[in-house]
Structure formats: structure tokens, C-alpha cells
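Enquirer: One structure, as C-alpha cells, below. Some questions next.
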Amino acid sequence: MNLSIARLDPGHAFGINGQMVKMTDLAIKNIPQYTLTSAALEDVNVLIIPNFVDQEFLYANKNIIERFLADKNIVVFCGHLFRPWLPGASLFMPERIQHHTDYNVYPQNNTPIFDGVETEDMTVNKGVAGFFARGYYHTTAEQEVHLRFKSGHVVTYVDRHATNGTIVVHAGRPLLGYSGHNKTTDRIRPQFLAFLTQELARLQEAQ
């Protein structure tokens, strides 16, 4: 089965207008966030939830997320979690910064998502550090760490144990948004898509 990706749209300046976001290599179904309670997710196997969604609404309807994961699907959250609607996830913590190099992030565990992506390219944008990530999540031994700050705090991880599905948590901007910058960060988007494809195949084989 091919990836079938949907994205919750916050419906404001940081959202996406229109029913579908068309890209050269895939199409992402756009779901206005407050229609999640009535949205048909049967044909979706990857649900992307961006930073600026209404997390109070998601907390009130967290059973929808839980059911989606119970069906061996994938949820990707990129942002700052401040309500416990995502199974197994801690709340976002701001990183303590004493020097701009404290924003440096480093790939971990031979990660396929950030393979070949240089720390400098992730950390610094137009001469300013900190745009890639400014906080972290506490993780458990079962959760697979893909990116850390210099302090060791976790920026990106994958959880295959909290539910029947897979949860990807990233304390920064959407991972599919990295392209066209003429830096090694251009590798993130295609590598993340390849990771999602492989992860979906693993989930289906386990059925």
C-alpha cells in the first residue's frame, strides 16, 4: 500500500488553504482541524499534525488519535506539545540556551531521516541559530531517538511501543517542509518520506 497522507489544517495564517496540497512526489489531503470528528480516515495511513493546531480540541478528542494508531497507522507531530493528547509523549520543554551553539542538533542512531544532514545547516538559517528547534521531549528507553541537542536533550524520536501504530515526534517545524534551500537539509524531506514508506510496510507486515 502506498502512503496516504493527511494533514490537519489549523485554518489560519499558518494553515494551508484548499482541499489538497499538491507536490511533485505526493498529494497531501487537507483536513480542517475542527472537522476531524467527522473526517473519514479509513483511506489515510499517515496523519500529520502541525504545531499551530488547537491542542485543547485534540485533547478533548484524543480518542480519534488513539483509534487511528490502534489501526496500525502513523501519526507525525511537529511542534510543542502542551496538552497530553498524544499517547506516550511527554510535554514540550524549552531548551536552556547560554550560547548560540546550544541550539546545535546532532543525528543519532544512524537515523535514516537525518542521514547526511549537517549540524550547521540545521542549526543556522541566514546567520541566526535556533530556527530548527528550541526545545525538547523527555523519552523512555523504548523510544528511538533520531536527533539531540548538544545537551543530549531529545529533539526528534519515534515511538513504536505506546500503541499499535507508530508515532513520530519532532520539536520543530514540519519535516516535510525542508526542500529547495540548497543545503543538506534538502535531504530531510525525501528521506522522511522514505522512512514513512518503510515504517508503513513494517506495520502492515505485522498485521
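The chains in the C-alpha cells are called A, B, ... from first to last as shown; in each chain the residues are counted from 1, and the ligands are counted from 1 in the order shown.
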Please list as a PyMOL selection string every residue within 9 Å of Phe114 in chain A, counting only C-alpha atoms and excluding residues in the same chain fewer than 2 positions away.
Expert: chain A and resi 106-108+110-112+116-118+146-147+185+187-188+191-192
Enquirer: Deliver the residues from the most recent selection as a file, using C-alpha atoms, as a CSV table (one decimal), in the first residue's frame.
Expert:
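part.csv, freshly written:
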chain,number,residue,atom,x,y,z
A,106,TYR,CA,23.0,16.1,16.1
A,107,PRO,CA,21.7,13.0,14.3
A,108,GLN,CA,21.5,9.8,16.4
A,110,ASN,CA,22.2,6.1,12.2
A,111,THR,CA,19.0,7.9,11.6
A,112,PRO,CA,17.6,7.5,8.0
A,116,GLY,CA,23.9,13.2,5.7
A,117,VAL,CA,22.3,16.4,7.1
A,118,GLU,CA,24.9,18.7,8.6
A,146,HIS,CA,16.8,10.4,16.0
A,147,LEU,CA,18.1,13.9,16.9
A,185,THR,CA,18.6,20.0,4.9
A,187,ARG,CA,17.7,15.7,2.2
A,188,ILE,CA,15.2,15.7,5.1
A,191,GLN,CA,14.4,10.8,3.5
A,192,PHE,CA,11.5,11.3,5.8
Enquirer: So which residues of range 142-194 of chain A fall under helix (DSSP H, G or I) by DSSP, listed as a PDB file with N, CA and C atoms, in the first residue's frame?
Expert:
ATOM      1  N   LEU A 175       8.692  18.371   9.126  1.00  0.00           N
ATOM      2  CA  LEU A 175       9.833  17.726   8.467  1.00  0.00           C
ATOM      3  C   LEU A 175       9.673  17.673   6.954  1.00  0.00           C
ATOM      4  N   LEU A 176       8.439  17.687   6.459  1.00  0.00           N
ATOM      5  CA  LEU A 176       8.241  17.674   5.011  1.00  0.00           C
ATOM      6  C   LEU A 176       8.455  19.040   4.379  1.00  0.00           C
ATOM      7  N   GLY A 177       8.698  20.055   5.192  1.00  0.00           N
ATOM      8  CA  GLY A 177       8.874  21.404   4.660  1.00  0.00           C
ATOM      9  C   GLY A 177      10.292  21.741   4.252  1.00  0.00           C
ATOM     10  N   THR A 184      22.165  20.833   2.969  1.00  0.00           N
ATOM     11  CA  THR A 184      21.961  19.410   3.246  1.00  0.00           C
ATOM     12  C   THR A 184      20.596  19.154   3.877  1.00  0.00           C
ATOM     13  N   THR A 185      19.942  20.185   4.399  1.00  0.00           N
ATOM     14  CA  THR A 185      18.589  19.999   4.932  1.00  0.00           C
ATOM     15  C   THR A 185      17.597  19.607   3.844  1.00  0.00           C
ATOM     16  N   ASP A 186      17.943  19.810   2.575  1.00  0.00           N
ATOM     17  CA  ASP A 186      17.080  19.360   1.479  1.00  0.00           C
ATOM     18  C   ASP A 186      16.933  17.840   1.471  1.00  0.00           C
ATOM     19  N   ARG A 187      17.811  17.151   2.168  1.00  0.00           N
ATOM     20  CA  ARG A 187      17.727  15.693   2.241  1.00  0.00           C
ATOM     21  C   ARG A 187      16.602  15.224   3.168  1.00  0.00           C
ATOM     22  N   ILE A 188      16.177  16.089   4.084  1.00  0.00           N
ATOM     23  CA  ILE A 188      15.237  15.653   5.125  1.00  0.00           C
ATOM     24  C   ILE A 188      13.916  15.208   4.525  1.00  0.00           C
ATOM     25  N   ARG A 189      13.347  16.007   3.632  1.00  0.00           N
ATOM     26  CA  ARG A 189      12.011  15.690   3.120  1.00  0.00           C
ATOM     27  C   ARG A 189      11.968  14.343   2.396  1.00  0.00           C
ATOM     28  N   PRO A 190      12.811  14.100   1.387  1.00  0.00           N
ATOM     29  CA  PRO A 190      12.740  12.791   0.717  1.00  0.00           C
ATOM     30  C   PRO A 190      13.103  11.638   1.640  1.00  0.00           C
ATOM     31  N   GLN A 191      14.043  11.852   2.552  1.00  0.00           N
ATOM     32  CA  GLN A 191      14.426  10.779   3.470  1.00  0.00           C
ATOM     33  C   GLN A 191      13.317  10.496   4.476  1.00  0.00           C
ATOM     34  N   PHE A 192      12.589  11.520   4.868  1.00  0.00           N
ATOM     35  CA  PHE A 192      11.479  11.297   5.787  1.00  0.00           C
ATOM     36  C   PHE A 192      10.348  10.554   5.090  1.00  0.00           C
ATOM     37  N   LEU A 193      10.079  10.885   3.839  1.00  0.00           N
ATOM     38  CA  LEU A 193       9.075  10.145   3.071  1.00  0.00           C
ATOM     39  C   LEU A 193       9.468   8.681   2.920  1.00  0.00           C
ATOM     40  N   ALA A 194      10.751   8.441   2.662  1.00  0.00           N
ATOM     41  CA  ALA A 194      11.224   7.056   2.546  1.00  0.00           C
ATOM     42  C   ALA A 194      11.078   6.329   3.879  1.00  0.00           C
TER      43      ALA A 194
END
Enquirer: Show me, as an MDAnalysis selection string, the residues that have an atom within 6 Å of range 31-40 of chain A when counting only C-alpha atoms, minus same-chain residues fewer than 3 positions from it.
Expert: chainID A and resid 7:10
Enquirer: Between A:Ala141, A:Leu58, A:Ile5, A:Ala27, which has the minimum distance to Leu41 in chain A (counting only C-alpha atoms)?
Expert: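 Checking each candidate against Leu41 in chain A, we get A:Ile5 as the closest.
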Enquirer: Taking the DSSP assignment computed from this structure's backbone, write out as a PyMOL selection string all residues of range 8-164 of chain A that belong to strand (DSSP E).
Expert: chain A and resi 8-9+20-22+27-32+46-49+74-78+93-94+105-107+124-125+128-129+135-136+144-149+154-159
